[in-house]
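Below: one structure, written as structure tokens.
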Amino acid sequence: MRYFRLLVAGNAISAYGSYLNMVALNVFVYDVTHSALAAGVFMAVRLVSGVASGFVSGRLVSSFDRKRLMVSADVCQGAALVVLLLAPHGARVALLYGLALVTGCCSTLSQVALRSSVPEIVGAEHRTRANGLLVTGRSLAMIAGFASAGVVVAQLGYGFAFTLDALTFAVSATALLLLPIRTRAAAPGSVGEERTEGGAKPAGGRTRLLLRQVGPVILAMIAVRAVDGLGSSSHNVALPVYSSMLNPAHPATFVSQFWATWAIGNLVTQQVLAMLTRRCGRTPGERAFALGACVMSACFILVFCSLPTLAAIAVALVAGGADGFTEVVYVSRLQAAPDEQRGRLFGLSASAENGGFGLGMLVSGALMESFTPLTVVAWLHGVAIVLCLALLVWLVVRGRGPVPQELAADGSERLPRTATPEGSGR
């Protein structure tokens, strides 16, 4: 875990630069083009490239060295920012869309490679704790990046913000290069050769085989995450509007308070979850994931119900905790898949999550023209709640037993060889 903590630090630094630049670039596009349409196209290119990259990333992560892929993704994003900084002013508009493409593709590739690698870096038994550290680091980076973006751009300019982001990618790439970590379980000499039973399969055949192997529960969890993306986009679009309605003189106040409180809830939950996992030796499973997702969506709806200050803070804390909990449980569950399936599984998941979020941004933006923030958030998060409840009822009816830690070769679930079933008396 010592090396992994250094990896988490590098990843958090890179994430800080990404969140800082997410704000800076969106404003920069509008300043350069003076067009809301151009700014919207920039965001669309970034989201669509992220969705499309998920499928390609899964294949790359299954076939090539994951550490090199993560380093390459960081280097490409940093290099793209340097090119933008050095380019003449007149060429920057075209380069911005190239940057959006590189950012969308490389960020997805890095995420898929890292998530797929965690069980090999820390060991399968420590993956929940490791995922909690990653979520904690990225949550802190998100808050710091969003909170400092306005000050950095206003006081130091776009050039400084882009340079800082490029440096964070350099830090992350350097940390990855120096850390002596193993990122895949494949035997030496097998990297670059992806095979399945019966010989090589075409890409479409491998995808269909994966869908059959992982089973309906995993596919249902991925579907829930995609619909969660719809809900997440709705509260991200609605929060600034709602905050302006609450305090027109200081529209950023409620947004800042909400995300700061959300982060505290997220951090506390990670610590509690890590402690419980160490004590019980088990990772919460599918039922906990479905229940946590219901709580998360319900809390995000309550945020927009004009609650008293203390009640709003309590709801934001629970929302942050449930958000972090479901993220860790979901990722840990997918990481229980065999290494040869894991890359494609996370690639599929990334495409589903990014696709849901991108679609939600479009739908939420359109609905906000005619409906209140509460209505829009209630509708989209309501869809997520219905799907989560359906998954929970289905799991209860099926009477699923202890949470499995591995998947058998045929896609069925089983306990690891070192584990003993509950009730064995050992």
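Chain labels A, B, ... are given in the sequence in which chains occur in the structure tokens; within each chain residues are numbered consecutively from 1, and ligands are likewise numbered from 1 in the order shown.
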
(message) Just want the 6 Å neighbourhood of Ser117 (chain A), counted on only C-alpha atoms, with same-chain residues fewer than 3 positions away dropped. Output as number ranges by chain.
(response) A: 114, 120, 183

Please produce an output containing N, CA and C atoms for each residue in the selection, written as a short mmCIF file (atom, residue, chain, number, x, y, z; two decimals), in the first residue's frame.
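New file out_26.cif:
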```cif
data_model
loop_
_atom_site.label_atom_id
_atom_site.label_comp_id
_atom_site.auth_asym_id
_atom_site.auth_seq_id
_atom_site.Cartn_x
_atom_site.Cartn_y
_atom_site.Cartn_z
N LEU A 114 -6.35 2.40 -14.71
CA LEU A 114 -6.11 2.44 -13.26
C LEU A 114 -7.08 1.54 -12.52
N GLU A 120 -4.24 -5.85 -8.89
CA GLU A 120 -2.89 -6.37 -9.10
C GLU A 120 -1.86 -5.55 -8.33
N THR A 183 0.82 -4.08 -12.83
CA THR A 183 -0.54 -3.63 -13.14
C THR A 183 -1.39 -4.70 -13.81
#
```

Enumerate, in order of chain and increasing residue number, the residues of region 41-78 of chain A with an atom no farther than 12 Å from region 319-339 of chain A, each with its shortest atom pair and distance in Å to one decimal, counting only C-alpha atoms, as a Markdown table.
```
| residue | atom | partner | partner_atom | distance |
| --- | --- | --- | --- | --- |
| A:Gly58 | CA | A:Asp339 | CA | 11.8 |
| A:Val61 | CA | A:Asp339 | CA | 10.2 |
| A:Ser62 | CA | A:Asp339 | CA | 8.2 |
| A:Ser63 | CA | A:Asp339 | CA | 11.1 |
| A:Arg66 | CA | A:Asp339 | CA | 11.8 |
```

Grab the residues selected above and save them as a PDB file, in the first residue's frame with all heavy atoms.
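Written out: selection10.pdb:
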```
ATOM      1  N   GLY A  58     -10.954  -0.311 -23.303  1.00  0.00           N
ATOM      2  CA  GLY A  58     -11.067  -1.663 -22.783  1.00  0.00           C
ATOM      3  C   GLY A  58     -10.193  -2.641 -23.538  1.00  0.00           C
ATOM      4  O   GLY A  58      -9.548  -3.516 -22.954  1.00  0.00           O
ATOM      5  N   VAL A  61      -6.407  -1.784 -22.742  1.00  0.00           N
ATOM      6  CA  VAL A  61      -6.036  -2.194 -21.379  1.00  0.00           C
ATOM      7  C   VAL A  61      -5.922  -3.712 -21.267  1.00  0.00           C
ATOM      8  O   VAL A  61      -5.122  -4.228 -20.485  1.00  0.00           O
ATOM      9  CB  VAL A  61      -7.070  -1.638 -20.373  1.00  0.00           C
ATOM     10  CG1 VAL A  61      -6.924  -2.293 -19.014  1.00  0.00           C
ATOM     11  CG2 VAL A  61      -6.923  -0.131 -20.244  1.00  0.00           C
ATOM     12  N   SER A  62      -6.706  -4.439 -22.067  1.00  0.00           N
ATOM     13  CA  SER A  62      -6.647  -5.898 -22.050  1.00  0.00           C
ATOM     14  C   SER A  62      -5.445  -6.434 -22.813  1.00  0.00           C
ATOM     15  O   SER A  62      -5.070  -7.598 -22.619  1.00  0.00           O
ATOM     16  CB  SER A  62      -7.928  -6.478 -22.663  1.00  0.00           C
ATOM     17  OG  SER A  62      -9.060  -6.118 -21.908  1.00  0.00           O
ATOM     18  N   SER A  63      -4.840  -5.611 -23.675  1.00  0.00           N
ATOM     19  CA  SER A  63      -3.805  -6.107 -24.567  1.00  0.00           C
ATOM     20  C   SER A  63      -2.407  -5.571 -24.292  1.00  0.00           C
ATOM     21  O   SER A  63      -1.428  -6.198 -24.660  1.00  0.00           O
ATOM     22  CB  SER A  63      -4.173  -5.775 -26.027  1.00  0.00           C
ATOM     23  OG  SER A  63      -5.422  -6.328 -26.378  1.00  0.00           O
ATOM     24  N   ARG A  66      -0.511  -1.695 -18.791  1.00  0.00           N
ATOM     25  CA  ARG A  66      -1.399  -0.644 -18.280  1.00  0.00           C
ATOM     26  C   ARG A  66      -0.630   0.542 -17.716  1.00  0.00           C
ATOM     27  O   ARG A  66      -1.080   1.684 -17.826  1.00  0.00           O
ATOM     28  CB  ARG A  66      -2.318  -1.238 -17.213  1.00  0.00           C
ATOM     29  CG  ARG A  66      -3.292  -2.256 -17.779  1.00  0.00           C
ATOM     30  CD  ARG A  66      -3.940  -3.102 -16.694  1.00  0.00           C
ATOM     31  NE  ARG A  66      -4.799  -4.116 -17.291  1.00  0.00           N
ATOM     32  CZ  ARG A  66      -5.308  -5.145 -16.616  1.00  0.00           C
ATOM     33  NH1 ARG A  66      -5.010  -5.304 -15.334  1.00  0.00           N
ATOM     34  NH2 ARG A  66      -6.067  -6.028 -17.227  1.00  0.00           N
TER      35      ARG A  66
END
```

Spatial neighbours of region 130-140 of chain A, 6 Å, only C-alpha atoms, chain gap at least 6 places, as an mmCIF file with all heavy atoms, in the first residue's frame:
```cif
data_model
loop_
_atom_site.group_PDB
_atom_site.id
_atom_site.type_symbol
_atom_site.label_atom_id
_atom_site.label_comp_id
_atom_site.auth_asym_id
_atom_site.auth_seq_id
_atom_site.Cartn_x
_atom_site.Cartn_y
_atom_site.Cartn_z
ATOM 1 N N VAL A 8 -1.761 7.324 -5.549
ATOM 2 C CA VAL A 8 -2.965 8.106 -5.252
ATOM 3 C C VAL A 8 -2.640 9.597 -5.210
ATOM 4 O O VAL A 8 -3.384 10.427 -5.735
ATOM 5 C CB VAL A 8 -3.599 7.659 -3.916
ATOM 6 C CG1 VAL A 8 -4.680 8.628 -3.464
ATOM 7 C CG2 VAL A 8 -4.178 6.263 -4.061
ATOM 8 N N ALA A 12 -4.236 12.312 -7.626
ATOM 9 C CA ALA A 12 -4.998 13.445 -7.084
ATOM 10 C C ALA A 12 -4.456 14.767 -7.614
ATOM 11 O O ALA A 12 -5.226 15.683 -7.924
ATOM 12 C CB ALA A 12 -4.952 13.423 -5.561
ATOM 13 N N LEU A 267 -15.481 11.893 2.543
ATOM 14 C CA LEU A 267 -14.248 11.514 3.237
ATOM 15 C C LEU A 267 -14.529 10.668 4.475
ATOM 16 O O LEU A 267 -13.856 9.664 4.728
ATOM 17 C CB LEU A 267 -13.470 12.772 3.626
ATOM 18 C CG LEU A 267 -12.935 13.619 2.465
ATOM 19 C CD1 LEU A 267 -12.305 14.895 2.999
ATOM 20 C CD2 LEU A 267 -11.917 12.836 1.665
ATOM 21 N N GLN A 270 -15.473 7.129 3.529
ATOM 22 C CA GLN A 270 -14.340 6.305 3.104
ATOM 23 C C GLN A 270 -13.600 5.725 4.307
ATOM 24 O O GLN A 270 -13.190 4.557 4.300
ATOM 25 C CB GLN A 270 -13.366 7.131 2.249
ATOM 26 C CG GLN A 270 -13.959 7.717 0.987
ATOM 27 C CD GLN A 270 -14.695 6.692 0.155
ATOM 28 O OE1 GLN A 270 -14.313 5.532 0.076
ATOM 29 N NE2 GLN A 270 -15.792 7.112 -0.449
ATOM 30 N N VAL A 328 -17.193 3.230 -4.468
ATOM 31 C CA VAL A 328 -16.221 2.229 -4.030
ATOM 32 C C VAL A 328 -16.792 0.812 -4.170
ATOM 33 O O VAL A 328 -16.101 -0.098 -4.654
ATOM 34 C CB VAL A 328 -15.791 2.495 -2.576
ATOM 35 C CG1 VAL A 328 -14.945 1.341 -2.036
ATOM 36 C CG2 VAL A 328 -15.022 3.798 -2.483
#
```

Output as a compact mmCIF listing (two decimals) with N, CA and C atoms, in the first residue's frame all residues of region 302-388 of chain A that backbone DSSP marks as helix (DSSP H, G or I).
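part_19.txt was written with the following content:
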```txt
# COMPACT_ATOMS: atom_id res chain seq x y z
N LEU A 302 -33.65 16.00 -2.26
CA LEU A 302 -33.96 16.80 -1.07
C LEU A 302 -33.18 18.11 -1.01
N VAL A 303 -31.98 18.11 -1.59
CA VAL A 303 -31.15 19.32 -1.58
C VAL A 303 -31.90 20.51 -2.18
N THR A 309 -31.13 25.51 6.94
CA THR A 309 -29.69 25.39 6.75
C THR A 309 -29.12 24.11 7.34
N LEU A 310 -29.47 23.82 8.60
CA LEU A 310 -28.92 22.63 9.25
C LEU A 310 -29.38 21.35 8.55
N ALA A 311 -30.63 21.33 8.14
CA ALA A 311 -31.16 20.15 7.44
C ALA A 311 -30.47 19.99 6.09
N ALA A 312 -30.23 21.10 5.39
CA ALA A 312 -29.54 21.04 4.10
C ALA A 312 -28.12 20.52 4.26
N ILE A 313 -27.44 20.94 5.32
CA ILE A 313 -26.08 20.46 5.58
C ILE A 313 -26.09 18.95 5.85
N ALA A 314 -27.06 18.50 6.64
CA ALA A 314 -27.16 17.07 6.95
C ALA A 314 -27.41 16.25 5.68
N VAL A 315 -28.28 16.74 4.82
CA VAL A 315 -28.60 16.04 3.58
C VAL A 315 -27.38 16.00 2.66
N ALA A 316 -26.65 17.11 2.59
CA ALA A 316 -25.44 17.16 1.75
C ALA A 316 -24.39 16.18 2.27
N LEU A 317 -24.27 16.05 3.59
CA LEU A 317 -23.34 15.09 4.17
C LEU A 317 -23.70 13.66 3.77
N VAL A 318 -24.98 13.34 3.89
CA VAL A 318 -25.42 11.99 3.53
C VAL A 318 -25.25 11.76 2.03
N ALA A 319 -25.54 12.77 1.22
CA ALA A 319 -25.37 12.64 -0.23
C ALA A 319 -23.92 12.35 -0.58
N GLY A 320 -22.98 13.06 0.04
CA GLY A 320 -21.57 12.81 -0.21
C GLY A 320 -21.14 11.43 0.24
N GLY A 321 -21.64 11.02 1.42
CA GLY A 321 -21.30 9.70 1.92
C GLY A 321 -21.83 8.59 1.03
N ALA A 322 -23.10 8.71 0.62
CA ALA A 322 -23.70 7.68 -0.25
C ALA A 322 -23.03 7.66 -1.62
N ASP A 323 -22.66 8.83 -2.12
CA ASP A 323 -21.99 8.91 -3.41
C ASP A 323 -20.65 8.17 -3.37
N GLY A 324 -19.84 8.46 -2.36
CA GLY A 324 -18.56 7.79 -2.23
C GLY A 324 -18.70 6.30 -1.97
N PHE A 325 -19.69 5.92 -1.17
CA PHE A 325 -19.92 4.52 -0.84
C PHE A 325 -20.25 3.71 -2.09
N THR A 326 -21.21 4.20 -2.88
CA THR A 326 -21.61 3.46 -4.08
C THR A 326 -20.47 3.38 -5.09
N GLU A 327 -19.67 4.45 -5.19
CA GLU A 327 -18.53 4.43 -6.11
C GLU A 327 -17.54 3.32 -5.74
N VAL A 328 -17.19 3.23 -4.47
CA VAL A 328 -16.22 2.23 -4.03
C VAL A 328 -16.79 0.81 -4.17
N VAL A 329 -18.03 0.61 -3.75
CA VAL A 329 -18.63 -0.72 -3.84
C VAL A 329 -18.75 -1.16 -5.29
N TYR A 330 -19.15 -0.26 -6.16
CA TYR A 330 -19.31 -0.59 -7.58
C TYR A 330 -17.97 -0.97 -8.21
N VAL A 331 -16.97 -0.14 -8.02
CA VAL A 331 -15.65 -0.41 -8.62
C VAL A 331 -15.06 -1.70 -8.05
N SER A 332 -15.18 -1.89 -6.75
CA SER A 332 -14.64 -3.10 -6.12
C SER A 332 -15.34 -4.35 -6.66
N ARG A 333 -16.63 -4.25 -6.91
CA ARG A 333 -17.37 -5.40 -7.44
C ARG A 333 -16.91 -5.75 -8.85
N LEU A 334 -16.72 -4.75 -9.69
CA LEU A 334 -16.23 -5.03 -11.05
C LEU A 334 -14.80 -5.55 -11.03
N ASP A 339 -8.72 -10.95 -14.38
CA ASP A 339 -7.93 -9.88 -14.99
C ASP A 339 -8.17 -9.78 -16.50
N GLU A 340 -8.36 -10.91 -17.17
CA GLU A 340 -8.53 -10.87 -18.62
C GLU A 340 -9.87 -10.24 -19.03
N GLN A 341 -10.83 -10.19 -18.12
CA GLN A 341 -12.12 -9.56 -18.42
C GLN A 341 -12.18 -8.11 -17.93
N ARG A 342 -11.33 -7.78 -16.99
CA ARG A 342 -11.50 -6.54 -16.24
C ARG A 342 -11.37 -5.29 -17.11
N GLY A 343 -10.41 -5.29 -18.04
CA GLY A 343 -10.20 -4.11 -18.87
C GLY A 343 -11.41 -3.78 -19.71
N ARG A 344 -11.96 -4.77 -20.39
CA ARG A 344 -13.14 -4.53 -21.23
C ARG A 344 -14.35 -4.17 -20.39
N LEU A 345 -14.44 -4.77 -19.21
CA LEU A 345 -15.57 -4.47 -18.33
C LEU A 345 -15.55 -3.01 -17.90
N PHE A 346 -14.38 -2.51 -17.51
CA PHE A 346 -14.29 -1.11 -17.12
C PHE A 346 -14.40 -0.17 -18.32
N GLY A 347 -13.98 -0.63 -19.49
CA GLY A 347 -14.20 0.17 -20.69
C GLY A 347 -15.67 0.33 -20.99
N LEU A 348 -16.42 -0.77 -20.89
CA LEU A 348 -17.87 -0.71 -21.08
C LEU A 348 -18.52 0.19 -20.04
N SER A 349 -18.07 0.07 -18.80
CA SER A 349 -18.61 0.90 -17.73
C SER A 349 -18.34 2.38 -17.97
N ALA A 350 -17.11 2.71 -18.41
CA ALA A 350 -16.78 4.11 -18.67
C ALA A 350 -17.65 4.69 -19.76
N SER A 351 -17.89 3.91 -20.82
CA SER A 351 -18.74 4.40 -21.90
C SER A 351 -20.17 4.63 -21.41
N ALA A 352 -20.67 3.69 -20.57
CA ALA A 352 -22.03 3.83 -20.05
C ALA A 352 -22.15 5.05 -19.14
N GLU A 353 -21.17 5.24 -18.24
CA GLU A 353 -21.23 6.37 -17.31
C GLU A 353 -21.09 7.70 -18.03
N ASN A 354 -20.12 7.79 -18.95
CA ASN A 354 -19.94 9.03 -19.69
C ASN A 354 -21.11 9.32 -20.61
N GLY A 355 -21.66 8.26 -21.21
CA GLY A 355 -22.83 8.44 -22.07
C GLY A 355 -24.03 8.94 -21.29
N GLY A 356 -24.27 8.36 -20.11
CA GLY A 356 -25.39 8.80 -19.28
C GLY A 356 -25.23 10.24 -18.84
N PHE A 357 -24.01 10.59 -18.45
CA PHE A 357 -23.76 11.97 -18.00
C PHE A 357 -23.91 12.96 -19.16
N GLY A 358 -23.38 12.62 -20.32
CA GLY A 358 -23.49 13.51 -21.47
C GLY A 358 -24.93 13.71 -21.91
N LEU A 359 -25.68 12.61 -21.99
CA LEU A 359 -27.09 12.72 -22.35
C LEU A 359 -27.85 13.53 -21.31
N GLY A 360 -27.51 13.32 -20.04
CA GLY A 360 -28.17 14.06 -18.97
C GLY A 360 -27.91 15.55 -19.04
N MET A 361 -26.70 15.94 -19.45
CA MET A 361 -26.40 17.36 -19.59
C MET A 361 -27.31 18.01 -20.63
N LEU A 362 -27.51 17.31 -21.75
CA LEU A 362 -28.38 17.85 -22.80
C LEU A 362 -29.83 17.91 -22.34
N VAL A 363 -30.30 16.82 -21.73
CA VAL A 363 -31.70 16.76 -21.29
C VAL A 363 -31.94 17.77 -20.17
N SER A 364 -31.04 17.83 -19.20
CA SER A 364 -31.22 18.76 -18.07
C SER A 364 -31.22 20.20 -18.54
N GLY A 365 -30.28 20.54 -19.44
CA GLY A 365 -30.22 21.90 -19.96
C GLY A 365 -31.50 22.30 -20.67
N ALA A 366 -32.06 21.35 -21.44
CA ALA A 366 -33.30 21.65 -22.16
C ALA A 366 -34.48 21.79 -21.19
N LEU A 367 -34.55 20.90 -20.20
CA LEU A 367 -35.66 20.94 -19.25
C LEU A 367 -35.62 22.17 -18.36
N PRO A 373 -35.58 23.82 -10.92
CA PRO A 373 -34.51 22.88 -10.61
C PRO A 373 -34.99 21.63 -9.87
N LEU A 374 -35.91 21.81 -8.91
CA LEU A 374 -36.42 20.66 -8.17
C LEU A 374 -37.10 19.67 -9.10
N THR A 375 -37.90 20.15 -10.02
CA THR A 375 -38.62 19.26 -10.94
C THR A 375 -37.66 18.47 -11.81
N VAL A 376 -36.67 19.14 -12.36
CA VAL A 376 -35.72 18.48 -13.25
C VAL A 376 -34.92 17.42 -12.49
N VAL A 377 -34.41 17.79 -11.33
CA VAL A 377 -33.61 16.84 -10.53
C VAL A 377 -34.47 15.68 -10.06
N ALA A 378 -35.71 15.96 -9.66
CA ALA A 378 -36.60 14.90 -9.18
C ALA A 378 -36.91 13.90 -10.28
N TRP A 379 -37.11 14.39 -11.49
CA TRP A 379 -37.41 13.48 -12.60
C TRP A 379 -36.22 12.57 -12.91
N LEU A 380 -35.05 13.15 -13.10
CA LEU A 380 -33.91 12.35 -13.53
C LEU A 380 -33.37 11.46 -12.41
N HIS A 381 -33.28 12.00 -11.20
CA HIS A 381 -32.86 11.13 -10.08
C HIS A 381 -33.97 10.15 -9.73
N GLY A 382 -35.21 10.52 -9.99
CA GLY A 382 -36.32 9.59 -9.76
C GLY A 382 -36.22 8.35 -10.63
N VAL A 383 -35.79 8.53 -11.88
CA VAL A 383 -35.57 7.38 -12.76
C VAL A 383 -34.52 6.45 -12.17
N ALA A 384 -33.46 7.05 -11.63
CA ALA A 384 -32.39 6.25 -11.00
C ALA A 384 -32.92 5.49 -9.79
N ILE A 385 -33.76 6.13 -8.98
CA ILE A 385 -34.31 5.47 -7.80
C ILE A 385 -35.17 4.28 -8.20
N VAL A 386 -36.00 4.45 -9.22
CA VAL A 386 -36.87 3.35 -9.68
C VAL A 386 -36.03 2.16 -10.13
N LEU A 387 -34.98 2.44 -10.91
CA LEU A 387 -34.13 1.35 -11.40
C LEU A 387 -33.39 0.67 -10.25
N CYS A 388 -32.91 1.45 -9.29
CA CYS A 388 -32.20 0.88 -8.14
C CYS A 388 -33.13 0.01 -7.29
```

(message) To one decimal place in Å, what is the distance between CA of Val151 (chain A) and CA of Val102 (chain A)?
(response)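 Distance between the two atoms: 26.1 Å.
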
(request) Would you list the contacts of Gln77 (chain A) as an NGL selection string, taking every protein, DNA or RNA residue within 9 Å and counting only C-alpha atoms, but skipping same-chain residues closer than 5 positions in sequence? (result) :A and (72 or 82 or 99 or 102-103 or 106-107 or 166 or 169)

(message) List the spatial neighbours of Leu96 (chain A) as number ranges by chain - criterion: any atom at most 10 Å away, only C-alpha atoms, same-chain residues fewer than 6 positions off excluded.
(response) A: 25, 28-29, 32, 42, 80-81, 84, 102

Selected residues written out with all heavy atoms, as a PDB file, in the first residue's frame:
```pdb
ATOM      1  N   LEU A  25     -10.932  26.078 -19.159  1.00  0.00           N
ATOM      2  CA  LEU A  25     -11.083  25.859 -20.596  1.00  0.00           C
ATOM      3  C   LEU A  25     -12.463  26.255 -21.103  1.00  0.00           C
ATOM      4  O   LEU A  25     -12.593  26.832 -22.187  1.00  0.00           O
ATOM      5  CB  LEU A  25     -10.814  24.386 -20.932  1.00  0.00           C
ATOM      6  CG  LEU A  25      -9.356  24.013 -21.190  1.00  0.00           C
ATOM      7  CD1 LEU A  25      -9.216  22.500 -21.330  1.00  0.00           C
ATOM      8  CD2 LEU A  25      -8.832  24.706 -22.439  1.00  0.00           C
ATOM      9  N   PHE A  28     -12.454  29.892 -21.321  1.00  0.00           N
ATOM     10  CA  PHE A  28     -11.518  30.316 -22.359  1.00  0.00           C
ATOM     11  C   PHE A  28     -12.119  30.148 -23.749  1.00  0.00           C
ATOM     12  O   PHE A  28     -11.943  31.007 -24.627  1.00  0.00           O
ATOM     13  CB  PHE A  28     -10.229  29.498 -22.240  1.00  0.00           C
ATOM     14  CG  PHE A  28      -9.187  29.846 -23.255  1.00  0.00           C
ATOM     15  CD1 PHE A  28      -8.508  31.056 -23.184  1.00  0.00           C
ATOM     16  CD2 PHE A  28      -8.885  28.970 -24.284  1.00  0.00           C
ATOM     17  CE1 PHE A  28      -7.542  31.380 -24.122  1.00  0.00           C
ATOM     18  CE2 PHE A  28      -7.924  29.279 -25.219  1.00  0.00           C
ATOM     19  CZ  PHE A  28      -7.247  30.493 -25.140  1.00  0.00           C
ATOM     20  N   VAL A  29     -12.809  29.033 -23.968  1.00  0.00           N
ATOM     21  CA  VAL A  29     -13.445  28.805 -25.270  1.00  0.00           C
ATOM     22  C   VAL A  29     -14.423  29.931 -25.586  1.00  0.00           C
ATOM     23  O   VAL A  29     -14.454  30.457 -26.705  1.00  0.00           O
ATOM     24  CB  VAL A  29     -14.172  27.440 -25.294  1.00  0.00           C
ATOM     25  CG1 VAL A  29     -14.994  27.289 -26.552  1.00  0.00           C
ATOM     26  CG2 VAL A  29     -13.166  26.312 -25.180  1.00  0.00           C
ATOM     27  N   VAL A  32     -12.536  33.223 -26.365  1.00  0.00           N
ATOM     28  CA  VAL A  32     -11.849  33.236 -27.655  1.00  0.00           C
ATOM     29  C   VAL A  32     -12.837  33.302 -28.814  1.00  0.00           C
ATOM     30  O   VAL A  32     -12.613  34.008 -29.797  1.00  0.00           O
ATOM     31  CB  VAL A  32     -10.946  31.981 -27.789  1.00  0.00           C
ATOM     32  CG1 VAL A  32     -10.409  31.842 -29.209  1.00  0.00           C
ATOM     33  CG2 VAL A  32      -9.797  32.069 -26.802  1.00  0.00           C
ATOM     34  N   PHE A  42     -17.507  22.372 -27.872  1.00  0.00           N
ATOM     35  CA  PHE A  42     -16.292  21.943 -27.174  1.00  0.00           C
ATOM     36  C   PHE A  42     -16.628  20.900 -26.113  1.00  0.00           C
ATOM     37  O   PHE A  42     -15.983  19.848 -26.029  1.00  0.00           O
ATOM     38  CB  PHE A  42     -15.612  23.148 -26.534  1.00  0.00           C
ATOM     39  CG  PHE A  42     -14.413  22.810 -25.691  1.00  0.00           C
ATOM     40  CD1 PHE A  42     -13.170  22.619 -26.272  1.00  0.00           C
ATOM     41  CD2 PHE A  42     -14.524  22.675 -24.311  1.00  0.00           C
ATOM     42  CE1 PHE A  42     -12.061  22.295 -25.498  1.00  0.00           C
ATOM     43  CE2 PHE A  42     -13.430  22.355 -23.533  1.00  0.00           C
ATOM     44  CZ  PHE A  42     -12.191  22.168 -24.130  1.00  0.00           C
ATOM     45  N   ALA A  80      -0.646  18.213 -25.207  1.00  0.00           N
ATOM     46  CA  ALA A  80      -1.701  18.959 -25.900  1.00  0.00           C
ATOM     47  C   ALA A  80      -1.869  20.355 -25.301  1.00  0.00           C
ATOM     48  O   ALA A  80      -2.093  21.338 -26.034  1.00  0.00           O
ATOM     49  CB  ALA A  80      -3.015  18.179 -25.824  1.00  0.00           C
ATOM     50  N   LEU A  81      -1.754  20.471 -23.996  1.00  0.00           N
ATOM     51  CA  LEU A  81      -1.852  21.784 -23.351  1.00  0.00           C
ATOM     52  C   LEU A  81      -0.657  22.668 -23.721  1.00  0.00           C
ATOM     53  O   LEU A  81      -0.811  23.880 -23.943  1.00  0.00           O
ATOM     54  CB  LEU A  81      -1.926  21.613 -21.836  1.00  0.00           C
ATOM     55  CG  LEU A  81      -3.271  21.118 -21.291  1.00  0.00           C
ATOM     56  CD1 LEU A  81      -3.120  20.621 -19.864  1.00  0.00           C
ATOM     57  CD2 LEU A  81      -4.315  22.219 -21.352  1.00  0.00           C
ATOM     58  N   LEU A  84      -1.172  24.059 -27.150  1.00  0.00           N
ATOM     59  CA  LEU A  84      -2.134  25.159 -27.107  1.00  0.00           C
ATOM     60  C   LEU A  84      -1.478  26.441 -26.599  1.00  0.00           C
ATOM     61  O   LEU A  84      -1.729  27.535 -27.118  1.00  0.00           O
ATOM     62  CB  LEU A  84      -3.316  24.782 -26.212  1.00  0.00           C
ATOM     63  CG  LEU A  84      -4.414  25.847 -26.048  1.00  0.00           C
ATOM     64  CD1 LEU A  84      -5.132  26.084 -27.374  1.00  0.00           C
ATOM     65  CD2 LEU A  84      -5.417  25.428 -24.983  1.00  0.00           C
ATOM     66  N   VAL A 102      -8.414  14.953 -27.330  1.00  0.00           N
ATOM     67  CA  VAL A 102      -7.330  14.290 -26.598  1.00  0.00           C
ATOM     68  C   VAL A 102      -7.704  14.108 -25.132  1.00  0.00           C
ATOM     69  O   VAL A 102      -7.495  13.036 -24.544  1.00  0.00           O
ATOM     70  CB  VAL A 102      -6.025  15.106 -26.725  1.00  0.00           C
ATOM     71  CG1 VAL A 102      -4.958  14.562 -25.785  1.00  0.00           C
ATOM     72  CG2 VAL A 102      -5.525  15.092 -28.154  1.00  0.00           C
TER      73      VAL A 102
END
```

(message) Which residues are close to Leu6 (chain A), i.e. within 10 Å by only C-alpha atoms, leaving aside same-chain residues fewer than 4 positions away? Reply as a list in words.
(response) Met1, Arg2, Gly10, Asn11, Ala12, Ser172, Ala175, Leu176 and Leu179 of chain A

(message) Counting only C-alpha atoms, which residue out of A:Val227, A:Leu273, A:Cys105, A:Val268 sits closest to Ala293 (chain A)?
(response) A:Val227

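With CA of Ser49 (chain A) on one side and CA of Gly104 (chain A) on the other, the separation reads 5.1 Å.
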